[in-house]
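S.K.: Let me begin by handing over the structure; questions about it come next.
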Amino acid sequence: MAFEKISEKSSLYNDLEKKSVHEILTEINNEDKKVAYAVEKAIPQIEKLVTQIVPKMKRGGRIFYLGAGTSGRLGVLDASEIPPTFGMEPTWVIGLIAGGDTALRNPVENAEDDKLQGWHDLEKYNVNKLDTVIGIAASGTTPYVIGALEECRKNGILTAAITSNPDAPVSKAADIPIEMIVGPEYVTGSSRMKSGTGQKMICNMITTSVMIQMGRVKGNKMVNMQLTNAKLVDRGTRMIVEELSLPYEEARRLLLMHGSVKKAVDDYRSHEEN
């Protein structure tokens, strides 16, 4: 039986140009409501991936996202959010996109069609058996991603794939296929919509759960976040006030001195004990 791309089937809606703005927004929203349920069905696979990533990262392994177009951009986006959110070096989670950084803003023609380039891009980072490579491809057929995953498996590197189509070629190339079946897009074939939303949700789930398991969250707070602006300094200060029952200004002084909520709290408590 030939592989069929559900994500590229004709939209369930027609004559979009004849609809009112309210109708368009309501119909898009109705389609978006399906995404969380599609992601929910994939939780067992996401859990299997996370439980294998954590011990590797505790030994120095990294996460690589690999994709083209929207899928590549979402991987880069998730990777770029890890340092400010969890205080991790940018070398821990790395996003690679077909065509390089230029492709983040502008399409790079035919970049995704090179089956060897994904692996070559990974080789620049000395990818190894402690690492995990997650290919993202809504269609499930992107050569850039499939070729990289195949080479990773030959080299004993843990692989996963996030796709919007069941039994996709990219799923067969991965150790852990995560198939999030959101159905046809509102605008036929526009995978930046439901597929992109679901990809972002899954990436959030993977890295957030990994970072919690890595000890980068305390209670429910981002105690290792980077203090890159006044809002975050205020947020961190209030965390210390709540944790240590200190006056605001003293908590702020401790935070700025130590650079993170966790370091400030740990140092304060160690001095108290001594």
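In the structure tokens, each chain is lettered A, B, ... as it comes, each chain's residues begin at 1, and ligands are numbered from 1 in order of appearance.
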Give me the residues within 12 Å of Ala36 (chain A) as a ChimeraX atom specification, counting only C-alpha atoms and dropping any in the same chain fewer than 6 places off.
M.R.: /A:30,42-43,180-182,194-195,197-202,205
S.K.: Just to be explicit: take each residue in the selection above, keep C-alpha atoms, and write the result as an mmCIF file, in the first residue's frame.
M.R.:
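Written out: part-v8.cif:
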data_model
loop_
_atom_site.group_PDB
_atom_site.id
_atom_site.type_symbol
_atom_site.label_atom_id
_atom_site.label_comp_id
_atom_site.auth_asym_id
_atom_site.auth_seq_id
_atom_site.Cartn_x
_atom_site.Cartn_y
_atom_site.Cartn_z
ATOM 1 C CA ASN A 30 -11.973 24.496 15.785
ATOM 2 C CA ALA A 42 1.562 10.307 21.445
ATOM 3 C CA ILE A 43 2.455 10.637 25.158
ATOM 4 C CA MET A 180 0.917 13.185 15.935
ATOM 5 C CA ILE A 181 -2.009 12.809 13.536
ATOM 6 C CA VAL A 182 -3.751 16.194 13.352
ATOM 7 C CA LYS A 194 -1.820 22.398 13.122
ATOM 8 C CA SER A 195 1.318 20.382 12.470
ATOM 9 C CA THR A 197 1.441 23.847 16.686
ATOM 10 C CA GLY A 198 1.697 20.181 17.630
ATOM 11 C CA GLN A 199 5.433 20.100 16.962
ATOM 12 C CA LYS A 200 5.953 23.069 19.274
ATOM 13 C CA MET A 201 3.881 21.380 21.984
ATOM 14 C CA ILE A 202 5.885 18.155 21.743
ATOM 15 C CA MET A 205 7.098 18.594 26.527
#
S.K.: Write out as JSON, numbers by chain which residues come within 10 Å of region 188-191 of chain A when counting only C-alpha atoms, dropping same-chain ones fewer than 4 positions away.
M.R.: {"A": [5, 6, 7, 8, 9, 10, 11, 12, 13, 14, 69, 70, 71, 137, 138, 139, 164, 184, 195, 196, 197]}
S.K.: Export, as a PDB file, in the first residue's frame, the selected residues with C-alpha atoms.
M.R.:
ATOM      1  CA  LYS A   5       0.194  11.979   3.531  1.00  0.00           C
ATOM      2  CA  ILE A   6      -2.830  12.788   5.671  1.00  0.00           C
ATOM      3  CA  SER A   7      -1.274  16.168   6.466  1.00  0.00           C
ATOM      4  CA  GLU A   8      -1.520  17.147   2.788  1.00  0.00           C
ATOM      5  CA  LYS A   9      -5.063  15.962   2.115  1.00  0.00           C
ATOM      6  CA  SER A  10      -7.587  18.575   1.007  1.00  0.00           C
ATOM      7  CA  SER A  11      -8.896  20.872   3.750  1.00  0.00           C
ATOM      8  CA  LEU A  12     -12.214  20.027   5.376  1.00  0.00           C
ATOM      9  CA  TYR A  13     -13.281  23.579   4.474  1.00  0.00           C
ATOM     10  CA  ASN A  14     -13.710  25.209   1.076  1.00  0.00           C
ATOM     11  CA  GLY A  69      11.340  24.787   6.821  1.00  0.00           C
ATOM     12  CA  THR A  70       8.789  25.270   9.597  1.00  0.00           C
ATOM     13  CA  SER A  71       9.847  22.021  11.281  1.00  0.00           C
ATOM     14  CA  ALA A 137       9.160  16.410   9.539  1.00  0.00           C
ATOM     15  CA  ALA A 138       5.427  17.032   9.245  1.00  0.00           C
ATOM     16  CA  SER A 139       5.265  15.261   5.879  1.00  0.00           C
ATOM     17  CA  SER A 164       2.036  14.220  11.253  1.00  0.00           C
ATOM     18  CA  PRO A 184      -5.694  17.945   6.983  1.00  0.00           C
ATOM     19  CA  SER A 195       1.318  20.382  12.470  1.00  0.00           C
ATOM     20  CA  GLY A 196       3.520  23.268  13.568  1.00  0.00           C
ATOM     21  CA  THR A 197       1.441  23.847  16.686  1.00  0.00           C
TER      22      THR A 197
END
S.K.: Might you pull out every residue within 12 Å of Lys56 (chain A), with only C-alpha atoms counted and same-chain residues fewer than 5 positions away left off, and present them as number ranges by chain?
M.R.: A: 49-51, 61-63, 92, 128-133, 157-158, 210, 213-214
S.K.: Write down as an MDAnalysis selection string the residues belonging to region 85-118 of chain A that are assigned alpha helix (DSSP H) by DSSP computed on the backbone.
M.R.: chainID A and resid 85:86 117:118
S.K.: Choose the residue, out of A:Val108, A:Glu4, A:Gly236, A:Ile46, that has the smallest atom-to-atom separation from Pro169 (chain A); count only C-alpha atoms.
M.R.: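 When distances to Pro169 (chain A) are compared using only C-alpha atoms, the smallest one comes from A:Glu4.
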S.K.: Quick one: pull the distance between CA of Ile94 (chain A) and CA of Gly67 (chain A), Å, one decimal.
M.R.: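 Pair CA of Ile94 (chain A) / CA of Gly67 (chain A) returns 11.6 Å.
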S.K.: Measuring atom to atom with only C-alpha atoms, identify which of A:Leu96, A:Cys203, A:Leu66, A:Val217 is nearest to Ile146 (chain A).
M.R.: A:Leu66
S.K.: Would you mind writing down, as a list in words, each residue of region 30-191 of chain A that DSSP on the backbone assigns to strand (DSSP E)?
M.R.: Ile63, Phe64, Tyr65, Leu66, Gly67, Val93, Ile94, Gly95, Leu96, Ile97, Thr132, Val133, Ile134, Gly135, Ile136, Leu158, Thr159, Ala160, Ala161, Ile162, Thr163, Ile176, Pro177, Ile178 and Glu179 of chain A
S.K.: Which residues, written as a ChimeraX atom specification, have at least one atom at most 9 Å from Ala173 (chain A), with only C-alpha atoms counted and residues fewer than 2 positions away on the same chain left out?
M.R.: /A:146-150,153,159-161,168-171,175-177
S.K.: For the residues in that selection, give me N, CA and C atoms as an mmCIF file, in the first residue's frame.
M.R.:
data_model
loop_
_atom_site.group_PDB
_atom_site.id
_atom_site.type_symbol
_atom_site.label_atom_id
_atom_site.label_comp_id
_atom_site.auth_asym_id
_atom_site.auth_seq_id
_atom_site.Cartn_x
_atom_site.Cartn_y
_atom_site.Cartn_z
ATOM 1 N N ILE A 146 15.589 12.272 7.111
ATOM 2 C CA ILE A 146 15.643 10.809 7.028
ATOM 3 C C ILE A 146 17.081 10.318 6.901
ATOM 4 N N GLY A 147 17.850 10.960 6.043
ATOM 5 C CA GLY A 147 19.243 10.550 5.855
ATOM 6 C C GLY A 147 20.051 10.670 7.132
ATOM 7 N N ALA A 148 19.825 11.751 7.875
ATOM 8 C CA ALA A 148 20.556 11.961 9.130
ATOM 9 C C ALA A 148 20.190 10.898 10.157
ATOM 10 N N LEU A 149 18.893 10.591 10.278
ATOM 11 C CA LEU A 149 18.465 9.587 11.250
ATOM 12 C C LEU A 149 19.024 8.209 10.898
ATOM 13 N N GLU A 150 19.034 7.886 9.623
ATOM 14 C CA GLU A 150 19.584 6.586 9.203
ATOM 15 C C GLU A 150 21.057 6.462 9.569
ATOM 16 N N ARG A 153 21.519 6.005 13.399
ATOM 17 C CA ARG A 153 21.247 4.634 13.854
ATOM 18 C C ARG A 153 22.405 3.698 13.514
ATOM 19 N N THR A 159 17.658 7.912 18.247
ATOM 20 C CA THR A 159 16.930 8.792 17.334
ATOM 21 C C THR A 159 15.431 8.762 17.611
ATOM 22 N N ALA A 160 14.776 9.872 17.314
ATOM 23 C CA ALA A 160 13.319 9.972 17.378
ATOM 24 C C ALA A 160 12.860 10.800 16.190
ATOM 25 N N ALA A 161 11.583 10.662 15.846
ATOM 26 C CA ALA A 161 11.014 11.446 14.750
ATOM 27 C C ALA A 161 9.655 11.971 15.169
ATOM 28 N N ALA A 168 5.108 6.847 8.400
ATOM 29 C CA ALA A 168 5.874 7.669 7.466
ATOM 30 C C ALA A 168 7.302 7.138 7.323
ATOM 31 N N PRO A 169 7.969 7.419 6.207
ATOM 32 C CA PRO A 169 9.367 7.010 6.044
ATOM 33 C C PRO A 169 10.268 7.500 7.186
ATOM 34 N N VAL A 170 10.011 8.705 7.692
ATOM 35 C CA VAL A 170 10.844 9.214 8.781
ATOM 36 C C VAL A 170 10.638 8.401 10.055
ATOM 37 N N SER A 171 9.437 7.855 10.250
ATOM 38 C CA SER A 171 9.173 7.001 11.408
ATOM 39 C C SER A 171 9.999 5.725 11.331
ATOM 40 N N ASP A 175 14.384 5.348 15.970
ATOM 41 C CA ASP A 175 14.168 4.373 17.035
ATOM 42 C C ASP A 175 12.807 4.576 17.687
ATOM 43 N N ILE A 176 12.450 5.836 17.898
ATOM 44 C CA ILE A 176 11.190 6.155 18.570
ATOM 45 C C ILE A 176 10.385 7.112 17.683
ATOM 46 N N PRO A 177 9.412 6.598 16.937
ATOM 47 C CA PRO A 177 8.570 7.475 16.117
ATOM 48 C C PRO A 177 7.453 8.096 16.950
#
S.K.: Determine the nearest neighbour of Lys58 (chain A) from the options A:Ile240, A:Met211, A:Ala251, A:Val39, counting only C-alpha atoms.
M.R.: A:Met211
S.K.: Out of A:Ile162, A:Leu227, A:Ile136, A:Leu77, which residue has the shortest atom-to-atom distance to Glu179 (chain A) when counting only C-alpha atoms?
M.R.: A:Ile162
S.K.: Identify which of the residues A:Pro143, A:Pro107, A:Pro90, A:Gly100 lies closest to Asp121 (chain A), counting only C-alpha atoms when measuring atom-to-atom distances.
M.R.: A:Gly100
S.K.: Would you list the contacts of Asn106 (chain A) as a list in words, taking every protein, DNA or RNA residue within 12 Å and counting only C-alpha atoms, but skipping same-chain residues closer than 4 positions in sequence?
M.R.: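 Final neighbour list, sorted by chain and number: Ala68, Gly69, Thr70, Arg73, Ile97, Ala98, Gly99, Gly100, Asp101, Thr102 and Ala111 of chain A.
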S.K.: Taking only C-alpha atoms into account, which of A:Asn165, A:Thr26, A:Asn204, A:Thr237 comes nearest Gly140 (chain A)?
M.R.: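 Result for the nearest residue to Gly140 (chain A): A:Asn165.
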